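Worksheet: one structure, shown below.
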Amino acid sequence: MLLSLLLSFAVVQGGPIDFAAVPRTLGELPDLVSDAPLYGLFLFGPRGQTRVWAVLDRSDPEARVYDTLYLDLDGDGDLREAGERFAGEPAALDSPNPRCEFLIEEFRPPGSEAVHRDFKITWTAKRVSYRMKWRGDEVTMGGYGPDPDSYGSFGDSLGTAPILVPGHDRPFQFQPWMSQLLHRGRDNDFKVFVGNPGSGLGCFSTVDDRFLPPEEFLLATLLYTDRQGKQQRYQTKLTERC
């Protein structure tokens, strides 16, 4: 039997984002080398109103990795501008799983005074991930799915680009991770990500295990029906972090 689990957490104000209504238009692109560039879209701001496109390209059509990143730093849709092209740092090129990291360092979203630090985007053949210190402090990173096989990548077109929502400006939500149905009469391992959902599977942006002070915990409320058919409620702290 499926049991419902509610989690309580302090949040800031902000309504849900209608991802279907987010414009997927992009202005000017440089001449791309790869015949299969990859696209991702970041949303910033309490309403997700600021769009920042990221496009991955190859410096050589025969390259094993995507080693060129275009990032729309000023949010104007023109990726031909100076300072918006980043060369990656390829690694493990002789292995079956090469990767390439792009270090953006400091990033100030258009229209915001906030400065996010240590911004990094990483490409691998299986996924594209990002990480940054939100306002120079706590980590935000993504995109995650409910298990490692569903972690996200970039899309092959503007229409299939994942939408990622970094940060701590919005109400936090939860996504189960490596957690199955809860079963009566035995121990259950229940884990969650804490952060912001994106546009679909593999698009969740999460905080890390150091976000909460050590003395603070998530409060989980288990709602279930007992063997007599009565509704029951059980609360407990989620005290372990990983």
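In the structure tokens, chains take the letters A, B, ... in the order shown, each chain's residues start at 1, and ligands count up from 1 in the order shown.
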Strand (DSSP E) positions in range 35-231 of chain A, given as a ChimeraX atom specification: /A:38-44,50-57,68-71,85-87,89-91,99-107,116-124,128-134,138-144,163-164,173-176,192-196,204-206,218-225,231
Neighbour list for range 110-115 of chain A as a list in words, cut-off 10 Å, only C-alpha atoms, skip fewer than 6 positions in-chain: Phe44, Gly45, Thr50, Arg51, Val52, Asp72, Leu73, Asp74, Gly75, Asp76, Lys133, Trp134, Arg135, Gly136 and Asp137 of chain A
Residue contacts of Asp189 in chain A (12 Å, only C-alpha atoms) excluding same-chain residues fewer than 6 positions away, as a list in words: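 Result of the neighbour search: Pro176, Trp177, Met178, Ser179, Gln180, Leu181, Leu182, His183, Leu238 and Glu240 of chain A.
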Nearest-residue call for Ala125 in chain A, choices A:Gly198, A:Pro162, A:Pro96, A:Pro148, using only C-alpha atoms: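 Ranked by minimum distance to Ala125 in chain A, first place goes to A:Pro96.
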Shell of 8 Å around Leu26 in chain A, only C-alpha atoms, local chain residues under 3 positions omitted, as a count of residues only: 5
Residues within 8 Å of Phe19 in chain A, only C-alpha atoms, excluding chain neighbours under 2 positions, as a list in words: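 Close residues of Phe19 in chain A: Ile17, Ala21, Val22, Ile163, Gly198 and Ser199 of chain A.
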Please save C-alpha atoms of the selected residues as a compact mmCIF listing (two decimals), in the first residue's frame.
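Below you can see result_3.txt, which holds the result:
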# COMPACT_ATOMS: atom_id res chain seq x y z
CA ILE A 17 6.25 28.40 -12.58
CA ALA A 21 4.36 29.08 -20.87
CA VAL A 22 8.09 29.88 -20.68
CA ILE A 163 14.50 24.26 -17.79
CA GLY A 198 12.42 22.15 -13.22
CA SER A 199 10.50 21.43 -16.39
Contact table range 72-131 of chain A vs range 205-210 of chain A, cut-off 10 Å, shortest pair per residue, only C-alpha atoms, as a tab-separated table:
residue	atom	partner	partner_atom	distance
A:Ser129	CA	A:Ser205	CA	9.7
A:Tyr130	CA	A:Ser205	CA	9.0
A:Arg131	CA	A:Ser205	CA	9.2
Selection: 12 Å around Pro30 in chain A, only C-alpha atoms, excl. self and same-chain fewer than 5 positions, as a PyMOL selection string: chain A and resi 37+55-57+68-72+77-82+84-85
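Among the candidate residues A:Arg64, A:Lys126, A:Arg186, A:Lys120, the one lying nearest to Met141 in chain A is A:Lys120, with distances computed using only C-alpha atoms.
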Run DSSP on the backbone and give me the residues of range 11-171 of chain A it puts in helix (DSSP H, G or I), as a PDB file with N, CA and C atoms, in the first residue's frame.
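Result saved to states_38.pdb:
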ATOM      1  N   PHE A  19       5.899  26.060 -16.657  1.00  0.00           N
ATOM      2  CA  PHE A  19       6.996  25.824 -17.592  1.00  0.00           C
ATOM      3  C   PHE A  19       6.517  25.766 -19.038  1.00  0.00           C
ATOM      4  N   ALA A  20       5.274  25.357 -19.239  1.00  0.00           N
ATOM      5  CA  ALA A  20       4.749  25.299 -20.609  1.00  0.00           C
ATOM      6  C   ALA A  20       4.626  26.693 -21.224  1.00  0.00           C
ATOM      7  N   ALA A  21       4.530  27.716 -20.368  1.00  0.00           N
ATOM      8  CA  ALA A  21       4.361  29.083 -20.868  1.00  0.00           C
ATOM      9  C   ALA A  21       5.691  29.825 -21.007  1.00  0.00           C
ATOM     10  N   PRO A 148      19.928   7.812 -10.251  1.00  0.00           N
ATOM     11  CA  PRO A 148      21.020   8.249 -11.136  1.00  0.00           C
ATOM     12  C   PRO A 148      20.744   8.049 -12.620  1.00  0.00           C
ATOM     13  N   ASP A 149      19.949   7.069 -12.976  1.00  0.00           N
ATOM     14  CA  ASP A 149      19.654   6.838 -14.388  1.00  0.00           C
ATOM     15  C   ASP A 149      18.791   7.944 -14.997  1.00  0.00           C
ATOM     16  N   SER A 150      18.159   8.751 -14.148  1.00  0.00           N
ATOM     17  CA  SER A 150      17.269   9.802 -14.649  1.00  0.00           C
ATOM     18  C   SER A 150      17.840  11.203 -14.460  1.00  0.00           C
TER      19      SER A 150
END
Nearest candidate to Tyr39 in chain A (options A:Gly83, A:Tyr144, A:Gly155, A:Gly27; using only C-alpha atoms):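 Between A:Gly83, A:Tyr144, A:Gly155, A:Gly27, the residue approaching Tyr39 in chain A most closely is A:Gly155.
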Fewer than 4 positions away in the same chain doesn't count, so skip those; otherwise give me all residues within 10 Å of Thr239 in chain A, counting only C-alpha atoms, as a short mmCIF file (atom, residue, chain, number, x, y, z; two decimals) with C-alpha atoms, in the first residue's frame.
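Result file is part21.cif:
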data_model
loop_
_atom_site.label_atom_id
_atom_site.label_comp_id
_atom_site.auth_asym_id
_atom_site.auth_seq_id
_atom_site.Cartn_x
_atom_site.Cartn_y
_atom_site.Cartn_z
CA PRO A 214 23.54 20.63 12.09
CA GLU A 215 20.91 21.15 14.80
CA GLU A 216 18.03 21.61 12.31
CA PHE A 217 16.15 18.83 10.50
CA LEU A 218 13.32 18.24 8.09
CA LEU A 219 10.10 17.17 9.76
#
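With only C-alpha atoms as the atoms that count, the residue of A:Cys242, A:Ala87, A:Leu164, A:Ile121 with the shortest distance to Ser59 in chain A is A:Ala87.
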Residue nearest Gly142 in chain A among A:Gly15, A:Gly202, A:Pro109, A:Pro171 (counting only C-alpha atoms): A:Gly202
Best match for closeness to Ala161 in chain A among A:Leu41, A:Ser34, A:Arg184, A:Leu223, counting only C-alpha atoms: A:Leu41
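The coordinates place CA of Pro146 in chain A at 22.1 Å from CA of Thr236 in chain A.
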One-decimal distance in Å that lies between CA of Phe204 in chain A and CA of Tyr151 in chain A: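 We find that CA of Tyr151 in chain A and CA of Phe204 in chain A lie 8.7 Å from each other.
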Computed interatomic separation between CA of Ser153 in chain A and CA of Tyr66 in chain A (Å): 12.4 Å
